[in-house]
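Source file: protein-v1.cif. Holds: mmCIF, C-alpha atoms and all ligand atoms.
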data_target
#
loop_
_atom_site.label_atom_id
_atom_site.label_comp_id
_atom_site.auth_asym_id
_atom_site.auth_seq_id
_atom_site.Cartn_x
_atom_site.Cartn_y
_atom_site.Cartn_z
CA MET O 352 0.00 0.00 0.00
CA THR O 353 1.22 3.48 -0.81
CA GLN O 354 1.51 5.56 2.35
CA THR O 355 0.85 8.99 0.84
CA LEU O 356 -0.41 9.50 -2.69
CA LEU O 357 0.20 12.90 -4.30
CA LEU O 358 -2.22 13.58 -7.15
CA THR O 359 -1.28 16.33 -9.55
CA ASP O 360 -1.10 17.16 -13.26
CA PRO O 361 0.56 19.78 -15.53
CA LEU O 362 -2.91 20.91 -16.67
CA PHE O 363 -3.43 22.48 -13.22
CA LEU O 364 -0.77 25.04 -14.19
CA ARG O 365 -2.73 26.11 -17.29
CA HIS O 366 -5.63 27.69 -15.39
CA GLU O 367 -4.61 31.35 -15.68
CA PRO O 368 -6.96 33.86 -14.05
CA GLY O 369 -4.68 36.76 -15.06
CA PRO O 370 -1.21 38.18 -14.41
CA GLU O 371 -2.27 40.16 -11.32
CA HIS O 372 -4.36 37.38 -9.81
CA PRO O 373 -3.13 35.89 -6.50
CA GLU O 374 -4.43 32.40 -7.39
CA ARG O 375 -1.69 31.90 -9.99
CA PRO O 376 0.10 28.86 -11.44
CA ALA O 377 3.30 29.77 -9.52
CA ARG O 378 1.54 28.63 -6.32
CA LEU O 379 1.36 25.01 -7.36
CA GLU O 380 4.77 25.22 -9.05
CA SER O 381 6.35 26.30 -5.77
CA VAL O 382 4.71 23.37 -3.94
CA LEU O 383 5.86 20.83 -6.54
CA ASN O 384 9.37 22.33 -6.69
CA LEU O 385 9.90 22.00 -2.94
CA LEU O 386 8.61 18.42 -2.92
CA GLU O 387 11.08 17.71 -5.73
CA LYS O 388 13.97 19.43 -3.97
CA GLU O 389 13.25 17.90 -0.56
CA PRO O 390 11.57 14.56 -1.35
CA ILE O 391 9.61 12.76 1.36
CA HIS O 392 9.96 9.02 1.83
CA GLY O 393 6.68 7.11 1.50
CA THR O 394 5.10 9.41 -1.08
CA GLU O 395 4.14 8.43 -4.60
CA ARG O 396 3.00 10.72 -7.40
CA LYS O 397 0.19 9.86 -9.75
CA ALA O 398 -1.51 11.70 -12.61
CA ALA O 399 -5.09 12.83 -12.19
CA ARG O 400 -8.15 11.78 -14.19
CA PRO O 401 -11.08 14.06 -15.04
CA ALA O 402 -14.39 13.92 -13.19
CA THR O 403 -17.37 12.42 -14.99
CA GLU O 404 -20.59 14.40 -15.56
CA GLU O 405 -22.22 12.15 -12.98
CA GLU O 406 -19.57 12.96 -10.36
CA LEU O 407 -20.00 16.70 -10.97
CA ALA O 408 -23.80 16.35 -10.93
CA ALA O 409 -23.73 14.88 -7.42
CA THR O 410 -22.96 18.40 -6.17
CA HIS O 411 -23.69 20.92 -8.92
CA THR O 412 -26.87 21.97 -10.73
CA PRO O 413 -27.32 21.51 -14.48
CA ARG O 414 -27.43 25.31 -14.80
CA LEU O 415 -23.94 25.78 -13.32
CA ARG O 416 -22.47 22.83 -15.21
CA GLU O 417 -23.75 24.16 -18.55
CA TYR O 418 -22.57 27.67 -17.75
CA LEU O 419 -19.03 26.52 -16.86
CA LYS O 420 -18.85 24.26 -19.90
CA GLY O 421 -19.66 27.32 -22.00
CA LEU O 422 -16.48 29.01 -20.71
CA ARG O 423 -14.29 26.28 -22.17
CA GLY O 424 -11.65 27.68 -24.54
CA ARG O 425 -12.34 31.28 -23.50
CA HIS O 426 -11.05 34.07 -21.34
CA ASP O 427 -14.01 35.17 -19.26
CA VAL O 428 -14.97 36.90 -16.01
CA ILE O 429 -17.35 35.06 -13.67
CA ASP O 430 -17.20 37.73 -10.94
CA PRO O 431 -14.62 40.37 -9.96
CA ASP O 432 -12.55 37.64 -8.20
CA THR O 433 -13.04 34.73 -10.55
CA MET O 434 -11.70 34.58 -14.11
CA THR O 435 -11.08 31.82 -16.62
CA SER O 436 -8.54 31.15 -19.37
CA PRO O 437 -9.05 28.72 -22.29
CA ASP O 438 -7.89 25.68 -20.23
CA SER O 439 -9.66 26.58 -16.96
CA TYR O 440 -12.72 24.41 -17.50
CA ASP O 441 -10.67 21.31 -18.25
CA ALA O 442 -8.38 22.05 -15.27
CA ALA O 443 -11.41 22.40 -12.99
CA VAL O 444 -12.92 19.11 -14.21
CA LEU O 445 -9.54 17.46 -13.65
CA ALA O 446 -9.24 18.97 -10.14
CA ALA O 447 -12.66 17.55 -9.27
CA GLY O 448 -11.68 14.18 -10.77
CA ALA O 449 -8.40 14.08 -8.86
CA SER O 450 -10.39 14.65 -5.67
CA VAL O 451 -12.70 11.71 -6.46
CA GLN O 452 -9.71 9.59 -7.45
CA ALA O 453 -7.96 10.33 -4.13
CA VAL O 454 -11.06 9.17 -2.27
CA GLU O 455 -11.27 6.00 -4.37
CA GLU O 456 -7.61 5.11 -3.77
CA VAL O 457 -7.91 5.65 -0.01
CA MET O 458 -11.32 3.96 0.38
CA ALA O 459 -10.08 0.91 -1.58
CA GLY O 460 -6.97 0.68 0.62
CA ARG O 461 -4.52 1.26 -2.24
CA ALA O 462 -3.17 4.33 -0.41
CA ARG O 463 -3.31 5.11 3.27
CA ASN O 464 -3.80 8.82 2.66
CA ALA O 465 -3.62 11.30 -0.22
CA PHE O 466 -3.02 14.97 -0.99
CA VAL O 467 -4.69 16.48 -4.06
CA LEU O 468 -2.30 19.13 -5.38
CA ALA O 469 -4.67 20.81 -7.80
CA ARG O 470 -6.10 24.16 -8.81
CA PRO O 471 -8.49 25.91 -9.21
CA PRO O 472 -9.58 25.54 -5.56
CA GLY O 473 -13.19 24.70 -4.71
CA HIS O 474 -14.65 25.53 -1.30
CA HIS O 475 -16.43 28.78 -2.26
CA ALA O 476 -18.32 27.16 -5.16
CA THR O 477 -21.91 26.50 -4.11
CA PRO O 478 -24.10 23.91 -5.84
CA ASP O 479 -25.34 26.63 -8.22
CA GLN O 480 -22.64 29.33 -8.24
CA ALA O 481 -18.92 29.55 -9.09
CA MET O 482 -17.23 32.29 -7.02
CA GLY O 483 -14.17 33.29 -5.00
CA PHE O 484 -11.52 31.79 -7.36
CA CYS O 485 -13.50 28.48 -7.36
CA LEU O 486 -15.34 26.75 -10.24
CA PHE O 487 -16.39 23.31 -8.97
CA ASN O 488 -16.44 22.40 -5.27
CA ASN O 489 -13.76 19.70 -5.18
CA VAL O 490 -14.20 18.68 -1.54
CA ALA O 491 -18.00 18.42 -1.80
CA ILE O 492 -17.64 16.29 -4.94
CA ALA O 493 -15.09 14.12 -3.08
CA ALA O 494 -17.45 13.70 -0.10
CA GLU O 495 -20.28 12.56 -2.39
CA ALA O 496 -17.92 10.07 -4.04
CA ALA O 497 -16.96 8.73 -0.62
CA ARG O 498 -20.63 8.18 0.23
CA ARG O 499 -21.05 6.20 -3.00
CA GLN O 500 -17.90 4.22 -2.10
CA GLY O 501 -19.53 3.10 1.14
CA ALA O 502 -18.48 5.69 3.71
CA GLU O 503 -21.54 6.28 5.89
CA ARG O 504 -20.17 9.37 7.60
CA VAL O 505 -17.69 11.81 6.07
CA LEU O 506 -15.94 14.59 7.96
CA ILE O 507 -14.85 17.71 6.09
CA LEU O 508 -12.49 19.94 8.05
CA ASP O 509 -11.76 23.30 6.41
CA TRP O 510 -8.75 25.23 7.75
CA ASP O 511 -8.52 27.77 4.90
CA VAL O 512 -8.52 31.34 6.29
CA HIS O 513 -11.82 31.94 4.45
CA HIS O 514 -15.10 30.27 5.34
CA GLY O 515 -16.10 27.52 2.90
CA ASN O 516 -19.56 28.88 2.16
CA GLY O 517 -19.99 26.56 -0.83
CA THR O 518 -19.26 23.40 1.12
CA GLN O 519 -21.49 24.53 3.97
CA ALA O 520 -24.34 25.15 1.51
CA ALA O 521 -23.90 21.72 -0.09
CA PHE O 522 -24.39 19.85 3.20
CA TRP O 523 -26.49 22.31 5.26
CA THR O 524 -29.42 19.95 5.85
CA ARG O 525 -27.45 16.67 5.97
CA ARG O 526 -26.08 14.64 8.85
CA ASP O 527 -23.99 12.17 6.82
CA VAL O 528 -21.40 14.86 6.08
CA LEU O 529 -20.12 16.95 9.00
CA TYR O 530 -18.64 20.28 7.92
CA MET O 531 -16.25 22.00 10.37
CA SER O 532 -14.50 25.27 9.57
CA SER O 533 -12.02 27.60 11.24
CA HIS O 534 -11.71 30.95 9.52
CA GLN O 535 -11.03 34.62 10.03
CA TYR O 536 -14.30 36.29 10.99
CA PRO O 537 -15.81 38.60 9.98
CA TYR O 538 -14.18 38.27 6.57
CA TYR O 539 -14.80 37.15 2.97
CA PRO O 540 -17.30 35.66 2.04
CA GLY O 541 -19.27 36.84 5.11
CA THR O 542 -20.69 33.49 6.20
CA GLY O 543 -19.43 31.23 9.01
CA ALA O 544 -20.98 32.78 12.11
CA PRO O 545 -21.04 30.50 15.17
CA HIS O 546 -24.85 30.26 15.09
CA GLU O 547 -24.72 28.74 11.57
CA VAL O 548 -25.00 25.09 12.65
CA GLY O 549 -27.11 23.53 9.88
CA GLU O 550 -30.86 22.98 9.65
CA GLY O 551 -33.42 20.18 9.77
CA LEU O 552 -31.72 16.79 9.88
CA GLY O 553 -28.42 18.62 9.51
CA ALA O 554 -28.82 20.73 12.68
CA GLY O 555 -25.53 20.48 14.57
CA TYR O 556 -23.66 19.03 11.58
CA THR O 557 -22.16 22.35 10.55
CA VAL O 558 -19.53 23.58 13.00
CA ASN O 559 -18.16 27.10 12.56
CA CYS O 560 -15.48 28.82 14.57
CA GLY O 561 -14.72 32.34 13.38
CA LEU O 562 -11.41 33.48 14.83
CA PRO O 563 -10.17 37.06 15.13
CA GLU O 564 -7.50 38.56 12.90
CA GLY O 565 -4.08 37.64 14.25
CA ALA O 566 -5.08 34.11 15.37
CA THR O 567 -2.01 31.99 16.19
CA ASP O 568 -0.91 28.36 16.21
CA ALA O 569 -1.84 28.21 19.92
CA ASP O 570 -5.32 29.62 19.23
CA HIS O 571 -5.90 26.86 16.70
CA GLY O 572 -4.58 24.33 19.21
CA ALA O 573 -7.30 25.31 21.68
CA LEU O 574 -9.91 25.05 18.93
CA TYR O 575 -8.85 21.53 17.94
CA HIS O 576 -8.59 20.39 21.55
CA ASP O 577 -11.86 21.87 22.84
CA LEU O 578 -14.14 21.71 19.80
CA PHE O 579 -13.04 20.05 16.55
CA VAL O 580 -11.54 16.80 17.86
CA PRO O 581 -14.25 16.02 20.47
CA VAL O 582 -17.08 16.64 17.97
CA ALA O 583 -15.29 14.69 15.24
CA GLU O 584 -14.79 11.73 17.59
CA ALA O 585 -18.46 11.76 18.56
CA PHE O 586 -19.37 11.82 14.84
CA ARG O 587 -17.17 8.73 14.12
CA PRO O 588 -16.19 9.47 10.49
CA ASP O 589 -15.40 6.72 7.99
CA LEU O 590 -13.18 9.16 6.08
CA VAL O 591 -11.58 12.51 6.92
CA LEU O 592 -11.36 15.15 4.17
CA VAL O 593 -9.48 18.42 4.70
CA SER O 594 -10.05 21.59 2.68
CA ALA O 595 -6.41 22.52 3.10
CA GLY O 596 -5.89 26.19 2.39
CA PHE O 597 -2.70 27.83 3.59
CA ASP O 598 -3.75 31.49 3.52
CA ALA O 599 -3.86 31.61 7.35
CA HIS O 600 -0.03 31.54 7.20
CA ARG O 601 1.66 34.59 8.72
CA GLU O 602 3.37 35.44 5.42
CA ASP O 603 0.16 35.31 3.42
CA PRO O 604 -0.62 38.62 1.66
CA ILE O 605 -4.42 38.06 1.83
CA GLY O 606 -5.25 36.39 5.16
CA GLY O 607 -4.73 38.17 8.48
CA MET O 608 -3.77 35.22 10.69
CA VAL O 609 -0.26 34.33 11.83
CA LEU O 610 -0.01 30.55 11.58
CA THR O 611 3.38 28.97 10.91
CA GLU O 612 4.22 25.81 8.96
CA ARG O 613 4.53 24.08 12.34
CA GLY O 614 0.95 25.10 13.11
CA PHE O 615 -0.22 23.55 9.84
CA GLY O 616 1.82 20.47 10.70
CA ALA O 617 0.07 20.33 14.08
CA MET O 618 -3.40 20.63 12.51
CA CYS O 619 -2.49 17.89 10.05
CA THR O 620 -1.15 15.75 12.90
CA ALA O 621 -4.46 16.19 14.75
CA MET O 622 -6.38 15.02 11.66
CA ARG O 623 -3.96 12.15 10.96
CA ASP O 624 -4.29 10.94 14.55
CA LEU O 625 -8.08 11.32 14.41
CA ALA O 626 -8.21 9.27 11.19
CA ASP O 627 -5.93 6.65 12.77
CA ARG O 628 -8.28 6.30 15.75
CA MET O 629 -11.54 6.42 13.80
CA CYS O 630 -11.13 4.97 10.32
CA GLY O 631 -7.86 3.19 9.69
CA GLY O 632 -6.01 6.39 8.80
CA LYS O 633 -8.24 7.31 5.83
CA LEU O 634 -7.36 10.94 5.22
CA VAL O 635 -7.45 13.10 2.07
CA LEU O 636 -6.17 16.67 1.90
CA LEU O 637 -7.23 18.96 -0.96
CA LEU O 638 -5.40 22.17 -1.77
CA GLU O 639 -7.54 25.31 -1.43
CA GLY O 640 -5.98 28.81 -0.96
CA GLY O 641 -2.53 30.04 0.13
CA TYR O 642 -0.88 32.99 -1.64
CA SER O 643 2.61 33.33 -0.14
CA LEU O 644 4.75 31.01 -2.26
CA GLU O 645 7.17 30.42 0.61
CA GLY O 646 4.49 30.00 3.29
CA LEU O 647 2.40 27.77 1.05
CA SER O 648 5.16 25.45 -0.14
CA ARG O 649 6.73 25.09 3.33
CA SER O 650 3.34 24.36 4.93
CA VAL O 651 2.28 21.80 2.31
CA HIS O 652 5.67 20.13 2.76
CA ALA O 653 5.15 19.97 6.55
CA CYS O 654 1.71 18.38 6.06
CA VAL O 655 3.03 15.78 3.61
CA GLU O 656 5.77 14.89 6.11
CA VAL O 657 3.09 14.34 8.73
CA MET O 658 0.93 12.26 6.36
CA ALA O 659 3.90 10.11 5.33
CA GLY O 660 4.60 9.50 9.02
CA GLU O 661 7.93 11.27 9.13
CA MET O 662 6.88 13.97 11.53
CA LYS O 663 4.53 14.84 14.34
CA ASP O 664 3.89 18.44 15.30
CA ASN O 665 2.24 19.66 18.47
CA PHE O 666 0.47 22.95 19.09
CA PRO O 667 2.14 25.44 21.42
CA ASP O 668 0.18 26.55 24.52
CA GLY O 669 -1.17 30.02 25.20
CA VAL O 670 -4.57 30.77 23.68
CA SER O 671 -5.42 34.49 23.42
CA ARG O 672 -8.43 35.94 25.23
CA GLU O 673 -10.08 36.92 21.92
CA ALA O 674 -9.73 33.44 20.44
CA ALA O 675 -10.95 31.78 23.65
CA ALA O 676 -14.06 33.99 23.52
CA ALA O 677 -14.72 33.07 19.87
CA LEU O 678 -14.29 29.39 20.69
CA GLN O 679 -16.73 29.70 23.59
CA LEU O 680 -19.39 31.18 21.28
CA SER O 681 -19.09 28.17 18.97
CA ARG O 682 -19.22 25.68 21.85
CA GLU O 683 -22.34 27.39 23.22
CA ALA O 684 -24.06 27.26 19.83
CA LEU O 685 -23.31 23.56 19.42
CA LYS O 686 -23.60 22.02 22.85
CA LYS O 687 -27.28 21.16 22.57
CA HIS O 688 -26.34 19.04 19.54
CA TRP O 689 -23.16 17.45 20.93
CA SER O 690 -23.26 16.22 24.54
CA VAL O 691 -19.49 15.86 24.46
CA LEU O 692 -19.31 19.68 24.66
CA GLY O 693 -21.00 19.60 28.09
CA ARG O 694 -24.13 21.26 29.33
ZN ZN V 701 -8.85 31.12 1.31
#

Let me see the file written as structure tokens.
Amino acid sequence: MTQTLLLTDPLFLRHEPGPEHPERPARLESVLNLLEKEPIHGTERKAARPATEEELAATHTPRLREYLKGLRGRHDVIDPDTMTSPDSYDAAVLAAGASVQAVEEVMAGRARNAFVLARPPGHHATPDQAMGFCLFNNVAIAAEAARRQGAERVLILDWDVHHGNGTQAAFWTRRDVLYMSSHQYPYYPGTGAPHEVGEGLGAGYTVNCGLPEGATDADHGALYHDLFVPVAEAFRPDLVLVSAGFDAHREDPIGGMVLTERGFGAMCTAMRDLADRMCGGKLVLLLEGGYSLEGLSRSVHACVEVMAGEMKDNFPDGVSREAAAALQLSREALKKHWSVLGR
């Protein structure tokens, strides 16, 4: 069995939203270059395959799929943040397919875990709307594939600095997919308040913790210890998916948090250990944001080291008062749904 599968493809470098756009091909190039320069034992690279119409349709409406298909071969503007180049549609279909493929490899036991090194990212794309640099919602499509592959409960943890509004919308009324997000709040795209916990059957199965600007590794440590890990354990996932954005890094020009690569390593360690305890180590990371080439490539490298079993990172102590207060708001909003959070 492969320990850590890395799924990527040269086509991901041909999605070009424009010379001034932060979500640029150089991001993925910097990640791949560092993995080449400092290889990690236990990893194996594999080319991606495109998603089928059926796989896309599990998450996205016919209207959105037709609209995006119409952008194939063209430079176009979806919204002020989101542009396409002639290869963007094919890259997006391949990114979605790589995400499904990663789930298939891990669910079938051919790889212990996997990291999808793709772009464009996905977590802002709602079932009916491409937005925020995202065309298709890769992690939502991956979660649906996992359900078809026999996973009864799928956890999606989203540590991108932005709230994954699209993923939240996709699973808002469902209890088979638990969506948990840490993000800067208030911030783009505006969603992710602590009282947003899901509705109907899905009440309690959306977990949001909006952290203040300047949130640290230690602040995230408190969040994992006191909220994310206890709720995830009570949920008992059959697969752990991570929307792995790295724009909460302290060098990131967009996000306002101050995480380090060790902090990302610690978050990845927490998810690796959770997957080990709950579901035989089944863990898939999918690249979302991250706009400092150095911060991004170093942090991805740290996560791959953790996934391949070469490293374990722990959170430092010392949560700030502001982060502790934000965490308390989320615990309060969720404790009637999760007895593990206390009364
Ligand atoms: Zn982001």

- Message: List as a PyMOL selection string the protein and nucleic acid residues lying within 8 Å of ligand ZN 701 (chain V), with only C-alpha atoms and all ligand atoms counted.
- Response: chain O and resi 511-514+596-599+606+639-641

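Closest approach to Glu683 (chain O) from the set O:Thr620, O:Thr403, O:Thr433, O:Asn559 is made by O:Asn559, with distances taken over all atoms listed in the file.
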
Would you list the contacts of Val670 (chain O) as a CSV table (one decimal) with C-alpha atoms, in the frame of the given file, taking every protein, DNA or RNA residue within 9 Å and counting all atoms listed in the file, but skipping same-chain residues closer than 5 positions in sequence?
chain,number,residue,atom,x,y,z
O,566,ALA,CA,-5.1,34.1,15.4
O,567,THR,CA,-2.0,32.0,16.2
O,568,ASP,CA,-0.9,28.4,16.2
O,569,ALA,CA,-1.8,28.2,19.9
O,570,ASP,CA,-5.3,29.6,19.2
O,571,HIS,CA,-5.9,26.9,16.7
O,572,GLY,CA,-4.6,24.3,19.2
O,573,ALA,CA,-7.3,25.3,21.7
O,675,ALA,CA,-11.0,31.8,23.6

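With CA of Gln500 (chain O) on one side and CA of Gly460 (chain O) on the other, the separation reads 11.8 Å.
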
- Item | Computed interatomic separation between CA of Ala377 (chain O) and CA of Ala621 (chain O) (Å) | 28.9 Å

- Among the residues O:Ala544, O:Ile391, O:Ala481, O:Ala453, the one that comes closest to Leu590 (chain O) [using only C-alpha atoms]: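 Closest residue, counting only C-alpha atoms: O:Ala453.
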
- Task: Could you jot down the CA of Ile429 (chain O) to CA of Ser643 (chain O) separation for me, Å, one decimal place?
- Result: 24.2 Å

Return as AutoDock Vina command-line options the centre and edge lengths, in Å with one decimal, of the box along x, y and z that encloses every atom of region 410-415 of chain O in the file, padded by 3 Å per side.
--center_x -25.2 --center_y 22.1 --center_z -10.5 --size_x 10.5 --size_y 13.4 --size_z 14.6

- Task: Please work out which residues fall within 12 Å of (-22.6, 36.5, 20.3), coordinates as given in the file, with only C-alpha atoms counting, and return them as a list in words.
- Result: Ala544, Pro545, His546, Glu547, Cys560, Gly561, Ala676, Ala677, Leu678, Gln679, Leu680, Ser681, Arg682, Glu683 and Ala684 of chain O

- Message: Give me the residues near region 663-666 of chain O as a PyMOL selection string, where near means some atom within 12 Å (using only C-alpha atoms) and where sequence neighbours in that chain fewer than 4 positions away do not count.
- Response: chain O and resi 567-576+610-624+650+653-659+670

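In this comparison, which uses only C-alpha atoms, the residue of O:Thr410, O:Asn489, O:Thr524, O:Gln535 approaching Val593 (chain O) most closely is O:Asn489.
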
- Selection: 6 Å around region 587-589 of chain O, all atoms listed in the file, excl. self and same-chain fewer than 3 positions, as an MDAnalysis selection string: chainID O and resid 502 504:506 584 630

Output the selection as a short mmCIF file (atom, residue, chain, number, x, y, z; two decimals), in the frame of the given file - C-alpha atoms for each residue.
data_model
loop_
_atom_site.label_atom_id
_atom_site.label_comp_id
_atom_site.auth_asym_id
_atom_site.auth_seq_id
_atom_site.Cartn_x
_atom_site.Cartn_y
_atom_site.Cartn_z
CA ALA O 502 -18.48 5.69 3.71
CA ARG O 504 -20.17 9.37 7.60
CA VAL O 505 -17.69 11.81 6.07
CA LEU O 506 -15.94 14.59 7.96
CA GLU O 584 -14.79 11.73 17.59
CA CYS O 630 -11.13 4.97 10.32
#

- Item | Close residues, Pro370 (chain O) itself excluded, 12 Å, only C-alpha atoms, min 5 positions apart in chain, as a list in words |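 The neighbour list is Arg375, Pro376, Ala377, Met434, Thr435 and Ser436 of chain O.
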
- Considering all atoms listed in the file, state which residue in the set O:Glu387, O:His688, O:Ala583, O:Pro368 is at the smallest distance from Asp432 (chain O). O:Pro368

- Nearest to Gly549 (chain O) by atom-to-atom distance, counting only C-alpha atoms, from O:His534, O:His474, O:Arg416, O:Arg525: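 Of O:His534, O:His474, O:Arg416, O:Arg525, the one nearest Gly549 (chain O) is O:Arg525, counting only C-alpha atoms.
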
- Message: Quick one: residues within 6 Å of region 355-360 of chain O, all atoms listed in the file, excluding same-chain residues fewer than 6 positions away - as a list in words?
- Response: Thr394, Glu395, Arg396, Lys397, Ala398, Ala399, Asn464, Ala465, Phe466, Val467, Leu468, Ala469 and Ala659 of chain O

- Tell me which of O:Pro478, O:Pro472, O:Gly483, O:Gly448 sits closest to Leu637 (chain O), counting only C-alpha atoms. O:Pro472
